file target-v4.cif (mmCIF, C-alpha atoms and all ligand atoms)
data_structure
#
loop_
_atom_site.label_atom_id
_atom_site.label_comp_id
_atom_site.auth_asym_id
_atom_site.auth_seq_id
_atom_site.Cartn_x
_atom_site.Cartn_y
_atom_site.Cartn_z
CA MET S 1 -0.63 4.27 -11.96
CA ALA S 2 0.48 4.99 -8.41
CA GLU S 3 -2.04 3.97 -5.76
CA GLN S 4 -1.49 7.31 -4.08
CA GLN S 5 -1.31 10.72 -5.74
CA VAL S 6 -0.25 14.00 -4.21
CA ILE S 7 -1.98 17.08 -5.61
CA ARG S 8 -0.52 20.51 -4.95
CA PRO S 9 -2.60 23.68 -5.18
CA ALA S 10 -2.48 25.50 -8.52
CA ARG S 11 -2.44 29.20 -9.42
CA THR S 12 -4.61 28.53 -12.44
CA VAL S 13 -5.11 25.92 -15.15
CA SER S 14 -4.43 26.42 -18.83
CA GLY S 15 -3.75 24.40 -21.93
CA SER S 16 -5.33 21.71 -24.08
CA VAL S 17 -6.31 18.21 -23.10
CA ARG S 18 -7.06 15.15 -25.18
CA LEU S 19 -9.56 12.80 -23.71
CA PRO S 20 -10.03 9.08 -24.04
CA GLY S 21 -12.96 7.93 -26.16
CA ASP S 22 -16.37 8.02 -24.52
CA LYS S 23 -16.92 5.08 -22.19
CA SER S 24 -20.68 4.81 -22.76
CA ILE S 25 -20.30 4.83 -26.55
CA SER S 26 -17.28 2.48 -26.55
CA HIS S 27 -19.20 -0.21 -24.62
CA ARG S 28 -22.21 0.04 -26.91
CA TYR S 29 -20.29 0.12 -30.19
CA ALA S 30 -18.18 -2.88 -29.13
CA MET S 31 -21.23 -4.93 -28.14
CA LEU S 32 -23.20 -4.08 -31.28
CA ALA S 33 -20.13 -4.66 -33.47
CA ALA S 34 -19.88 -8.18 -32.01
CA ILE S 35 -23.41 -9.07 -33.17
CA ALA S 36 -23.23 -7.19 -36.49
CA GLN S 37 -22.52 -8.57 -39.95
CA GLY S 38 -19.06 -7.57 -41.18
CA ALA S 39 -16.20 -5.76 -39.51
CA THR S 40 -16.27 -2.65 -37.32
CA ARG S 41 -13.33 -0.27 -36.93
CA LEU S 42 -13.38 1.93 -33.85
CA ASP S 43 -10.78 4.65 -33.47
CA ASN S 44 -10.23 6.47 -30.14
CA PHE S 45 -11.80 3.53 -28.30
CA SER S 46 -11.93 4.18 -24.54
CA THR S 47 -8.63 3.38 -22.83
CA GLY S 48 -10.47 2.75 -19.54
CA ALA S 49 -10.44 -0.59 -17.74
CA ASP S 50 -14.27 -0.77 -17.93
CA CYS S 51 -14.30 -0.96 -21.71
CA ALA S 52 -11.45 -3.48 -21.58
CA SER S 53 -13.82 -5.60 -19.45
CA THR S 54 -16.40 -5.46 -22.24
CA LEU S 55 -13.81 -6.47 -24.84
CA ASN S 56 -12.59 -9.34 -22.64
CA CYS S 57 -16.13 -10.67 -22.19
CA LEU S 58 -16.68 -10.48 -25.95
CA ARG S 59 -13.50 -12.49 -26.50
CA VAL S 60 -14.88 -15.27 -24.26
CA LEU S 61 -18.03 -15.14 -26.41
CA GLY S 62 -15.98 -15.92 -29.52
CA VAL S 63 -15.39 -12.40 -30.84
CA GLN S 64 -11.87 -12.17 -32.30
CA TRP S 65 -11.27 -8.43 -31.93
CA GLU S 66 -7.85 -6.86 -32.36
CA ARG S 67 -6.49 -3.78 -30.67
CA ALA S 68 -3.61 -1.54 -31.79
CA GLY S 69 -3.40 1.35 -29.34
CA ASN S 70 -6.76 3.09 -29.42
CA LEU S 71 -7.86 1.41 -32.64
CA VAL S 72 -10.09 -1.61 -32.12
CA THR S 73 -11.20 -3.82 -34.99
CA ILE S 74 -14.09 -6.16 -34.35
CA PRO S 75 -15.17 -8.86 -36.79
CA GLY S 76 -18.90 -9.27 -36.25
CA ARG S 77 -20.37 -12.73 -35.68
CA GLY S 78 -23.92 -11.82 -36.64
CA LEU S 79 -26.59 -12.21 -33.99
CA LYS S 80 -25.20 -15.51 -32.65
CA LEU S 81 -22.32 -15.49 -30.17
CA ARG S 82 -20.35 -18.56 -29.03
CA ALA S 83 -21.28 -20.31 -25.76
CA PRO S 84 -18.69 -19.33 -23.14
CA THR S 85 -16.61 -21.96 -21.37
CA GLU S 86 -15.76 -19.69 -18.44
CA PRO S 87 -17.53 -16.92 -16.48
CA LEU S 88 -17.66 -13.48 -18.08
CA ASP S 89 -15.67 -11.15 -15.85
CA CYS S 90 -17.20 -7.66 -15.90
CA GLY S 91 -14.65 -6.32 -13.40
CA ASN S 92 -15.89 -3.00 -11.98
CA SER S 93 -18.16 -2.28 -14.94
CA GLY S 94 -21.91 -1.97 -14.36
CA SER S 95 -22.34 -1.05 -18.03
CA THR S 96 -20.72 -4.31 -19.13
CA MET S 97 -22.82 -6.46 -16.84
CA ARG S 98 -26.17 -4.79 -17.46
CA MET S 99 -25.94 -4.15 -21.19
CA LEU S 100 -24.30 -7.46 -22.08
CA SER S 101 -27.14 -9.16 -20.17
CA GLY S 102 -29.48 -7.81 -22.83
CA ILE S 103 -27.52 -9.53 -25.59
CA LEU S 104 -27.02 -12.75 -23.61
CA ALA S 105 -30.78 -12.89 -22.99
CA GLY S 106 -31.11 -13.43 -26.74
CA GLN S 107 -28.54 -16.26 -26.97
CA ASP S 108 -29.67 -19.88 -26.72
CA PHE S 109 -26.90 -20.85 -24.29
CA SER S 110 -26.09 -20.35 -20.62
CA SER S 111 -23.60 -17.82 -19.36
CA GLU S 112 -22.48 -16.42 -16.05
CA LEU S 113 -21.59 -12.77 -15.43
CA VAL S 114 -19.35 -11.99 -12.46
CA GLY S 115 -17.88 -8.75 -11.13
CA ASP S 116 -15.56 -7.33 -8.49
CA ALA S 117 -16.65 -6.59 -4.91
CA SER S 118 -18.11 -3.18 -5.83
CA LEU S 119 -20.07 -4.49 -8.83
CA SER S 120 -21.32 -7.44 -6.75
CA ARG S 121 -22.95 -4.92 -4.39
CA ARG S 122 -24.80 -3.00 -7.14
CA PRO S 123 -28.49 -3.49 -7.93
CA MET S 124 -29.26 -5.90 -10.76
CA VAL S 125 -33.01 -6.47 -10.32
CA ARG S 126 -33.68 -3.45 -12.54
CA VAL S 127 -32.19 -5.28 -15.53
CA VAL S 128 -33.10 -8.85 -14.55
CA THR S 129 -36.86 -8.15 -14.24
CA PRO S 130 -37.50 -6.90 -17.80
CA LEU S 131 -35.24 -9.55 -19.35
CA GLN S 132 -37.09 -12.27 -17.44
CA ALA S 133 -40.36 -10.79 -18.66
CA MET S 134 -39.04 -11.22 -22.21
CA GLY S 135 -38.46 -14.91 -21.51
CA ALA S 136 -34.81 -15.16 -20.43
CA LYS S 137 -34.07 -17.44 -17.49
CA ILE S 138 -31.92 -15.52 -15.02
CA THR S 139 -30.80 -16.33 -11.52
CA THR S 140 -28.89 -14.02 -9.21
CA ALA S 141 -26.68 -14.67 -6.19
CA ASN S 142 -29.31 -13.83 -3.56
CA GLY S 143 -32.24 -12.76 -5.65
CA THR S 144 -30.78 -9.31 -6.24
CA HIS S 145 -27.08 -9.20 -7.07
CA ALA S 146 -24.31 -10.59 -9.30
CA PRO S 147 -23.23 -13.18 -10.24
CA LEU S 148 -25.98 -13.45 -12.86
CA ARG S 149 -26.65 -16.75 -14.61
CA ILE S 150 -28.50 -16.28 -17.87
CA THR S 151 -30.03 -18.86 -20.17
CA GLY S 152 -31.41 -16.99 -23.12
CA GLY S 153 -33.31 -17.51 -26.34
CA ASN S 154 -36.92 -17.44 -27.51
CA LEU S 155 -37.59 -13.89 -26.40
CA LYS S 156 -40.89 -12.09 -26.81
CA ALA S 157 -41.32 -8.33 -27.04
CA ILE S 158 -42.46 -6.39 -23.97
CA ASP S 159 -43.69 -2.94 -23.06
CA CYS S 160 -41.25 -1.93 -20.36
CA LYS S 161 -42.09 0.99 -18.08
CA MET S 162 -38.82 1.43 -16.26
CA PRO S 163 -39.24 2.29 -12.57
CA VAL S 164 -35.70 3.73 -12.34
CA ALA S 165 -34.14 6.05 -14.93
CA SER S 166 -31.16 4.03 -16.17
CA ALA S 167 -29.57 4.27 -19.59
CA GLN S 168 -27.85 0.94 -19.04
CA VAL S 169 -31.16 -0.83 -18.47
CA LYS S 170 -32.79 0.99 -21.40
CA SER S 171 -29.96 -0.17 -23.69
CA ALA S 172 -30.09 -3.73 -22.31
CA VAL S 173 -33.83 -4.02 -23.05
CA LEU S 174 -33.43 -2.54 -26.56
CA PHE S 175 -30.51 -4.90 -27.27
CA ALA S 176 -32.64 -7.85 -26.11
CA GLY S 177 -35.42 -6.45 -28.31
CA LEU S 178 -33.25 -7.21 -31.37
CA PHE S 179 -33.72 -10.91 -30.57
CA ALA S 180 -37.41 -10.79 -29.60
CA LYS S 181 -40.54 -11.54 -31.60
CA GLY S 182 -42.49 -8.32 -32.05
CA GLU S 183 -41.87 -4.72 -31.04
CA THR S 184 -40.15 -4.03 -27.70
CA ARG S 185 -40.85 -0.66 -26.11
CA VAL S 186 -39.13 1.05 -23.21
CA GLU S 187 -40.32 4.12 -21.42
CA GLU S 188 -38.27 5.92 -18.79
CA PRO S 189 -39.45 8.14 -15.96
CA VAL S 190 -36.87 10.73 -17.05
CA ARG S 191 -35.01 10.74 -20.36
CA THR S 192 -31.45 9.46 -19.84
CA ARG S 193 -28.48 9.39 -22.21
CA ASP S 194 -29.53 8.06 -25.60
CA HIS S 195 -26.27 6.55 -26.87
CA GLY S 196 -27.90 3.10 -27.13
CA GLU S 197 -30.65 4.34 -29.42
CA ARG S 198 -28.16 6.28 -31.56
CA ALA S 199 -25.72 3.35 -31.69
CA LEU S 200 -28.44 0.93 -32.80
CA ARG S 201 -29.36 3.32 -35.61
CA ALA S 202 -25.69 3.73 -36.56
CA PHE S 203 -25.41 -0.05 -36.94
CA GLY S 204 -28.45 -0.01 -39.20
CA ALA S 205 -31.36 -0.83 -36.89
CA ASP S 206 -34.65 0.98 -37.12
CA VAL S 207 -35.31 2.46 -33.66
CA ARG S 208 -38.44 4.58 -33.08
CA LEU S 209 -38.45 7.30 -30.46
CA PRO S 210 -42.00 8.00 -29.29
CA GLY S 211 -42.17 10.57 -26.43
CA ASN S 212 -40.06 9.53 -23.46
CA GLY S 213 -39.36 6.10 -24.89
CA ALA S 214 -37.81 4.01 -27.61
CA SER S 215 -38.92 0.94 -29.49
CA ILE S 216 -37.36 -1.68 -31.70
CA VAL S 217 -38.71 -4.56 -33.79
CA GLY S 218 -36.89 -7.86 -33.35
CA GLY S 219 -35.09 -9.80 -36.06
CA GLN S 220 -33.24 -6.84 -37.61
CA GLU S 221 -29.69 -7.37 -38.82
CA LEU S 222 -26.91 -4.98 -37.87
CA HIS S 223 -23.95 -4.10 -40.08
CA GLY S 224 -20.43 -3.06 -39.04
CA ILE S 225 -19.35 0.60 -39.02
CA GLU S 226 -16.22 2.74 -39.07
CA ALA S 227 -16.19 5.35 -36.35
CA THR S 228 -14.01 7.65 -34.30
CA ILE S 229 -15.35 7.66 -30.78
CA PRO S 230 -15.91 11.18 -29.38
CA GLY S 231 -13.92 12.32 -26.35
CA ASP S 232 -15.62 11.37 -23.08
CA PHE S 233 -17.69 14.27 -21.77
CA SER S 234 -17.72 12.86 -18.23
CA SER S 235 -13.90 12.79 -18.25
CA ALA S 236 -13.87 16.31 -19.66
CA ALA S 237 -16.02 17.38 -16.70
CA PHE S 238 -12.99 17.29 -14.39
CA PHE S 239 -11.11 19.72 -16.62
CA LEU S 240 -14.14 21.92 -17.24
CA CYS S 241 -14.64 22.22 -13.48
CA ALA S 242 -10.92 22.77 -12.85
CA ALA S 243 -11.01 25.63 -15.37
CA ALA S 244 -14.21 26.98 -13.82
CA LEU S 245 -12.40 27.43 -10.49
CA PHE S 246 -9.85 29.99 -11.71
CA PRO S 247 -10.88 33.29 -13.34
CA ALA S 248 -7.61 33.42 -15.33
CA SER S 249 -7.90 29.88 -16.67
CA GLN S 250 -8.19 28.88 -20.31
CA VAL S 251 -8.74 25.23 -21.22
CA THR S 252 -9.48 23.80 -24.66
CA ILE S 253 -10.82 20.33 -25.35
CA SER S 254 -11.26 19.22 -28.94
CA GLY S 255 -13.12 16.25 -30.40
CA LEU S 256 -15.37 16.23 -27.36
CA GLY S 257 -18.66 14.32 -27.35
CA LEU S 258 -21.50 16.83 -27.01
CA ASN S 259 -24.57 14.60 -27.15
CA PRO S 260 -27.30 16.84 -25.62
CA THR S 261 -28.30 14.07 -23.18
CA ARG S 262 -24.76 14.17 -21.77
CA SER S 263 -23.60 17.76 -21.89
CA SER S 264 -25.89 19.54 -19.40
CA LEU S 265 -22.82 20.46 -17.36
CA LEU S 266 -22.05 23.13 -19.98
CA ASP S 267 -25.42 24.79 -19.33
CA LEU S 268 -24.93 24.52 -15.59
CA LEU S 269 -21.44 26.04 -15.70
CA ALA S 270 -22.56 28.84 -18.02
CA GLY S 271 -25.45 29.48 -15.61
CA ILE S 272 -23.09 30.01 -12.68
CA GLY S 273 -20.79 32.35 -14.55
CA VAL S 274 -18.26 30.30 -16.55
CA ARG S 275 -17.49 31.52 -20.06
CA ILE S 276 -17.80 28.74 -22.63
CA SER S 277 -17.42 28.70 -26.38
CA ILE S 278 -18.09 25.79 -28.71
CA THR S 279 -16.69 25.55 -32.22
CA GLN S 280 -16.10 22.92 -34.91
CA LEU S 281 -19.41 21.15 -34.34
CA GLU S 282 -19.71 17.91 -36.28
CA GLU S 283 -22.04 14.94 -36.22
CA HIS S 284 -21.00 11.36 -36.90
CA HIS S 285 -23.24 8.33 -36.49
CA GLY S 286 -25.76 10.60 -34.76
CA GLU S 287 -23.28 11.75 -32.10
CA LEU S 288 -22.32 15.43 -31.87
CA THR S 289 -18.70 16.48 -31.27
CA GLY S 290 -17.01 19.85 -30.97
CA THR S 291 -14.21 21.92 -29.51
CA VAL S 292 -14.98 23.46 -26.15
CA GLN S 293 -13.09 26.41 -24.66
CA VAL S 294 -13.67 27.35 -21.04
CA GLN S 295 -12.62 30.30 -18.95
CA GLY S 296 -13.30 30.41 -15.22
CA ALA S 297 -15.04 33.03 -13.12
CA GLU S 298 -16.25 33.86 -9.65
CA LEU S 299 -18.76 31.04 -9.46
CA ARG S 300 -22.32 31.60 -8.30
CA GLY S 301 -24.14 28.60 -6.78
CA THR S 302 -27.06 26.46 -7.92
CA THR S 303 -29.52 23.70 -7.11
CA ILE S 304 -29.53 20.48 -9.12
CA GLN S 305 -32.75 18.44 -9.16
CA THR S 306 -34.63 16.04 -11.41
CA PRO S 307 -34.48 15.88 -14.46
CA TYR S 308 -31.04 17.56 -14.35
CA THR S 309 -29.79 15.23 -11.62
CA GLU S 310 -30.21 12.26 -13.97
CA ARG S 311 -28.53 14.12 -16.85
CA LEU S 312 -25.62 15.20 -14.65
CA ILE S 313 -25.36 11.95 -12.72
CA ASP S 314 -21.69 11.21 -13.51
CA GLU S 315 -20.68 14.86 -13.14
CA ILE S 316 -22.15 15.35 -9.66
CA PRO S 317 -19.03 14.12 -7.84
CA VAL S 318 -16.87 16.85 -9.37
CA LEU S 319 -19.60 19.48 -8.99
CA ALA S 320 -19.87 18.62 -5.30
CA ALA S 321 -16.10 18.85 -5.00
CA ILE S 322 -16.01 22.43 -6.35
CA ALA S 323 -19.21 23.50 -4.56
CA PRO S 324 -17.48 24.95 -1.47
CA TYR S 325 -15.64 27.41 -3.74
CA THR S 326 -18.88 28.86 -5.17
CA GLU S 327 -20.66 31.96 -3.80
CA SER S 328 -23.88 30.38 -2.58
CA GLY S 329 -23.03 26.70 -2.62
CA ILE S 330 -24.58 23.77 -4.49
CA GLU S 331 -27.55 21.71 -3.43
CA ILE S 332 -28.03 18.29 -5.00
CA ARG S 333 -31.50 16.72 -4.84
CA ASP S 334 -33.18 13.56 -6.19
CA ALA S 335 -29.84 11.80 -6.35
CA ARG S 336 -30.51 8.54 -4.48
CA GLU S 337 -28.96 6.65 -7.42
CA LEU S 338 -25.57 8.05 -6.37
CA ARG S 339 -25.65 5.69 -3.40
CA VAL S 340 -25.47 2.64 -5.71
CA LYS S 341 -22.72 3.69 -8.11
CA GLU S 342 -19.14 2.34 -7.97
CA SER S 343 -19.23 3.55 -4.34
CA ASP S 344 -21.89 5.22 -2.21
CA ARG S 345 -21.00 8.56 -3.79
CA ILE S 346 -23.11 10.67 -1.44
CA ALA S 347 -21.30 9.24 1.60
CA ALA S 348 -17.89 9.36 -0.13
CA LEU S 349 -18.37 13.01 -1.09
CA ALA S 350 -19.48 14.00 2.41
CA VAL S 351 -16.60 12.19 4.16
CA ASN S 352 -13.94 13.60 1.86
CA LEU S 353 -15.31 17.16 1.77
CA ARG S 354 -15.35 17.13 5.58
CA ALA S 355 -11.77 15.80 5.63
CA MET S 356 -10.81 18.94 3.69
CA GLY S 357 -12.56 21.10 6.29
CA ALA S 358 -15.86 21.74 4.49
CA VAL S 359 -19.28 21.94 6.10
CA VAL S 360 -21.65 19.55 4.30
CA GLU S 361 -25.20 18.45 4.91
CA GLU S 362 -25.65 14.84 3.83
CA ARG S 363 -29.18 13.74 2.96
CA GLU S 364 -30.62 10.39 1.95
CA ASP S 365 -30.96 11.55 -1.66
CA GLY S 366 -28.41 14.31 -1.94
CA LEU S 367 -26.13 16.90 -0.40
CA ARG S 368 -26.16 20.57 0.46
CA ILE S 369 -22.75 22.17 0.33
CA PRO S 370 -22.62 25.82 1.40
CA GLY S 371 -20.44 28.23 -0.57
CA ARG S 372 -17.58 30.58 0.37
CA GLN S 373 -15.67 27.91 2.22
CA SER S 374 -11.89 27.51 2.16
CA LEU S 375 -10.62 23.95 2.13
CA HIS S 376 -7.31 22.57 3.31
CA GLY S 377 -5.31 19.69 1.90
CA ALA S 378 -6.15 16.34 3.46
CA GLU S 379 -5.95 12.61 3.00
CA ILE S 380 -8.74 11.55 0.63
CA ASP S 381 -10.15 8.04 0.25
CA SER S 382 -11.31 7.19 -3.28
CA PHE S 383 -13.34 4.26 -1.92
CA GLY S 384 -12.09 2.48 -5.04
CA ASP S 385 -14.25 4.82 -7.16
CA HIS S 386 -12.66 6.48 -10.20
CA ARG S 387 -14.91 9.55 -10.15
CA ILE S 388 -14.30 10.19 -6.44
CA ALA S 389 -10.51 9.99 -6.94
CA MET S 390 -10.62 12.45 -9.83
CA ALA S 391 -13.18 14.82 -8.25
CA PHE S 392 -10.97 15.43 -5.22
CA ALA S 393 -7.91 16.04 -7.39
CA ILE S 394 -9.89 19.03 -8.70
CA ALA S 395 -10.96 20.22 -5.23
CA ALA S 396 -7.29 19.97 -4.20
CA LEU S 397 -6.23 22.55 -6.81
CA ARG S 398 -7.83 25.38 -4.79
CA ALA S 399 -7.10 24.01 -1.27
CA GLN S 400 -4.44 25.28 1.14
CA GLY S 401 -1.60 22.75 1.20
CA GLU S 402 -1.16 19.34 -0.37
CA THR S 403 -3.84 16.69 -0.77
CA VAL S 404 -3.05 12.98 -0.82
CA ILE S 405 -5.48 10.81 -2.77
CA LYS S 406 -5.46 7.22 -1.55
CA GLY S 407 -6.70 4.65 -4.02
CA ALA S 408 -5.99 7.07 -6.87
CA GLY S 409 -5.33 4.11 -9.17
CA ALA S 410 -9.11 3.72 -9.51
CA ALA S 411 -8.94 6.45 -12.18
CA VAL S 412 -7.91 3.75 -14.70
CA ILE S 413 -11.55 2.62 -14.78
CA SER S 414 -12.40 5.50 -17.10
CA PHE S 415 -9.26 7.61 -17.56
CA PRO S 416 -5.76 6.14 -17.35
CA GLY S 417 -3.43 9.14 -17.63
CA PHE S 418 -5.81 11.45 -15.77
CA PHE S 419 -3.25 12.66 -13.22
CA GLU S 420 -0.64 13.29 -15.91
CA ALA S 421 -3.19 15.24 -17.96
CA LEU S 422 -4.12 17.30 -14.90
CA GLU S 423 -0.45 18.06 -14.13
CA SER S 424 0.01 19.22 -17.72
CA VAL S 425 -2.61 22.00 -17.31
CA ALA S 426 -2.07 22.94 -13.64
CA GLN S 427 0.02 26.15 -13.44
CA ARG S 428 1.87 26.75 -10.19
C1 LIG S 501 -24.26 4.81 -18.13
C2 LIG S 501 -25.40 5.12 -17.46
C3 LIG S 501 -25.40 5.61 -16.07
C4 LIG S 501 -24.03 6.18 -15.71
C5 LIG S 501 -22.92 5.24 -16.06
C6 LIG S 501 -22.92 4.98 -17.56
C7 LIG S 501 -24.38 4.32 -19.50
O1 LIG S 501 -25.70 4.55 -15.20
O2 LIG S 501 -23.98 6.49 -14.34
O3 LIG S 501 -21.68 5.77 -15.69
O4 LIG S 501 -23.40 4.25 -20.25
O5 LIG S 501 -25.52 3.96 -19.89
P1 LIG S 501 -27.20 4.04 -14.92
O6 LIG S 501 -27.72 3.40 -16.14
O7 LIG S 501 -27.05 3.05 -13.79
O8 LIG S 501 -27.97 5.25 -14.51
#
call {"tool": "encode", "arguments": {"input": "target-v4.cif", "output": "structure tokens", "more": "lines below"}}
Ligand code: S3P
result
Amino acid sequence: MAEQQVIRPARTVSGSVRLPGDKSISHRYAMLAAIAQGATRLDNFSTGADCASTLNCLRVLGVQWERAGNLVTIPGRGLKLRAPTEPLDCGNSGSTMRMLSGILAGQDFSSELVGDASLSRRPMVRVVTPLQAMGAKITTANGTHAPLRITGGNLKAIDCKMPVASAQVKSAVLFAGLFAKGETRVEEPVRTRDHGERALRAFGADVRLPGNGASIVGGQELHGIEATIPGDFSSAAFFLCAAALFPASQVTISGLGLNPTRSSLLDLLAGIGVRISITQLEEHHGELTGTVQVQGAELRGTTIQTPYTERLIDEIPVLAAIAPYTESGIEIRDARELRVKESDRIAALAVNLRAMGAVVEEREDGLRIPGRQSLHGAEIDSFGDHRIAMAFAIAALRAQGETVIKGAGAAVISFPGFFEALESVAQR
């Protein structure tokens, strides 16, 4: 993919898009398949570089998966992986590093997890602390960050009250719980995406879901599955928001993942005026999918705050990017976590919105973006962050003049082919 992409304004957007398989589910299914009995067959596996990082780490851990296009076949090794002879390179992927840590905590060998410059800046204490409490020996570069060195084995169950709402950490602790003596419980301050819980059940584990938490008894065996991974809702968000911007638009996305802990953007868009219809609802392995049709409107504005901030966390970049085109603007609160994603997303959004001529108020834990603003094309910096690159491609569709997105290649992290897909629906 070109490092730089030029986006011209559009008259409207219309057509159908096919999305890569969900990134969150692809990571989890691949990891659980590796420690299951028997083979797993995953169709529509995420084409993103992040999930390739997970597969590459699994290879180093002795998992002989095969890939033919979007079909990935994974022969399970049972609960024991092979001791690695080289560091496990997680690339840009926080999900790989944090969730794989949970499985490595249960392995009686030493391993090292490394990442790129962005991942090496992201907080790891949140996952290290509970895994250490379970008995894993973990050291970090400077007490806080990657590389992580893990010597696992002999885990005991814990009651983990998570201080930060993080689905990656929740999954990591539950995965470690598979290897622990006793019943491991996690409780989150706000309920986050529950793909980990659903994936564990799909692979045959008994996971209980009391209140705002989840629990698992150690020593359970997993068995391989056959699955088609739903389209990635967070990738769909760019097209849903593009369609939202133009009253004459009409966009259809089929096979889309509609897990209720992921799809709050549909409620938000409907609440600000977008017309949405959902058909062909199906459920497989506990995950809901459907066909979503969207037609744009004059958009009202809204305020996003906890618990919706957590549920919309990956969609906030694109919501911020379309906020200036709404009537009353969008205010984003309780979003401090955005500062420790693949980039400092609050800063990246403010800088790039201002480059396009928008007035923005940047706060420590959010943004306020007034409505009824007209933006002009500008040079955008992705800051190496896939969601920033894609969000501003959407803002550019309604701007005056061309927008140049520098570092656009970052989109491969979750959605190779994003710019081609966008061109195919943009009408000029
Ligand atoms: C993810 C959880 C979220 C999200 C990330 C994917 C997951 O991160 O931002 O893109 O698959 O569990 P946190 O767990 O850090 O909140």
call {"tool": "closest_atom_pairs", "arguments": {"input": "target-v4.cif", "of": "chain S", "to": "ligand LIG 501 (chain S)", "cutoff": "7 Å", "atoms": "all atoms listed in the file", "output": "CSV"}}
result
residue,atom,partner,partner_atom,distance
S:Lys23,CA,S:LIG501,O4,6.8
S:Ser24,CA,S:LIG501,O4,3.7
S:Ser95,CA,S:LIG501,O4,5.8
S:Ala165,CA,S:LIG501,O8,6.2
S:Ser166,CA,S:LIG501,O6,3.5
S:Ala167,CA,S:LIG501,O6,4.0
S:Gln168,CA,S:LIG501,O6,3.8
S:Val169,CA,S:LIG501,O6,5.9
S:Arg193,CA,S:LIG501,O5,6.6
S:Ile313,CA,S:LIG501,O2,5.9
S:Asp314,CA,S:LIG501,O2,5.3
S:Lys341,CA,S:LIG501,O2,6.9
call {"tool": "closest_residue", "arguments": {"input": "target-v4.cif", "among": "S:Phe392, S:Trp65, S:Phe415, S:Tyr325", "to": "S:Ser374", "atoms": "all atoms listed in the file"}}
result
S:Tyr325
call {"tool": "atom_distance", "arguments": {"input": "target-v4.cif", "atom1": "atom CA of S:Lys137", "atom2": "atom CA of S:Lys161"}}
result
20.1 Å
call {"tool": "atom_distance", "arguments": {"input": "target-v4.cif", "atom1": "atom CA of S:Thr47", "atom2": "atom CA of S:Pro416"}}
result
6.8 Å
call {"tool": "atom_distance", "arguments": {"input": "target-v4.cif", "atom1": "atom CA of S:Ile369", "atom2": "atom CA of S:Ala244"}}
result
17.2 Å
call {"tool": "residues_around", "arguments": {"input": "target-v4.cif", "residues": "S:Glu283", "least_positions_apart": "4", "cutoff": "10 Å", "atoms": "only C-alpha atoms", "output": "VMD selection string"}}
result
chain S and resid 230 257 to 259 287 to 290
call {"tool": "closest_residue", "arguments": {"input": "target-v4.cif", "among": "S:Gly409, S:Gly271, S:Pro123, S:Gly255", "to": "S:Asn44", "atoms": "all atoms listed in the file"}}
result
S:Gly255
call {"tool": "closest_atom_pairs", "arguments": {"input": "target-v4.cif", "of": "stretch 32-68 of chain S", "to": "stretch 98-109 of chain S", "cutoff": "10 Å", "atoms": "only C-alpha atoms", "output": "Markdown table"}}
result
| residue | atom | partner | partner_atom | distance |
| --- | --- | --- | --- | --- |
| S:Leu32 | CA | S:Ile103 | CA | 9.0 |
| S:Ile35 | CA | S:Ile103 | CA | 8.6 |
| S:Thr54 | CA | S:Leu100 | CA | 8.2 |
| S:Cys57 | CA | S:Leu100 | CA | 8.8 |
| S:Leu58 | CA | S:Leu100 | CA | 9.1 |
| S:Leu61 | CA | S:Leu104 | CA | 9.7 |
call {"tool": "residues_around", "arguments": {"input": "target-v4.cif", "residues": "S:Thr252", "least_positions_apart": "4", "cutoff": "8 Å", "atoms": "only C-alpha atoms", "output": "list in words"}}
result
Gly15, Ser16, Val17, Thr291, Val292, Gln293 and Val294 of chain S
call {"tool": "residues_around", "arguments": {"input": "target-v4.cif", "residues": "stretch 393-406 of chain S", "least_positions_apart": "5", "cutoff": "10 Å", "atoms": "all atoms listed in the file", "output": "ChimeraX atom specification"}}
result
/S:2-13,238-243,245-246,318-325,353,356-357,374-384,387-388,418-419,422,426-428
call {"tool": "residues_around", "arguments": {"input": "target-v4.cif", "residues": "S:Leu312", "least_positions_apart": "6", "cutoff": "8 Å", "atoms": "only C-alpha atoms", "output": "PyMOL selection string"}}
result
chain S and resi 262-265
call {"tool": "write_last_selection", "arguments": {"input": "target-v4.cif", "atoms": "C-alpha atoms", "output": "short mmCIF file (atom, residue, chain, number, x, y, z; two decimals), keeping the file's coordinate frame"}}
result
data_model
loop_
_atom_site.label_atom_id
_atom_site.label_comp_id
_atom_site.auth_asym_id
_atom_site.auth_seq_id
_atom_site.Cartn_x
_atom_site.Cartn_y
_atom_site.Cartn_z
CA ARG S 262 -24.76 14.17 -21.77
CA SER S 263 -23.60 17.76 -21.89
CA SER S 264 -25.89 19.54 -19.40
CA LEU S 265 -22.82 20.46 -17.36
#
call {"tool": "closest_residue", "arguments": {"input": "target-v4.cif", "among": "S:Met134, S:Ala180, S:Ile229, S:Leu200", "to": "S:Ile25", "atoms": "only C-alpha atoms"}}
result
S:Ile229
call {"tool": "residues_around", "arguments": {"input": "target-v4.cif", "residues": "S:Val186", "least_positions_apart": "5", "cutoff": "10 Å", "atoms": "only C-alpha atoms", "output": "PyMOL selection string"}}
result
chain S and resi 130+158-162+169-171+173-174+177+209-210+212-216
call {"tool": "closest_residue", "arguments": {"input": "target-v4.cif", "among": "S:Val340, S:Leu113, S:Met31, S:Ile413", "to": "S:Gly196", "atoms": "all atoms listed in the file"}}
result
S:Met31
call {"tool": "closest_residue", "arguments": {"input": "target-v4.cif", "among": "S:Gln305, S:Ser249, S:Gln37, S:Ser277", "to": "S:Glu221", "atoms": "all atoms listed in the file"}}
result
S:Gln37
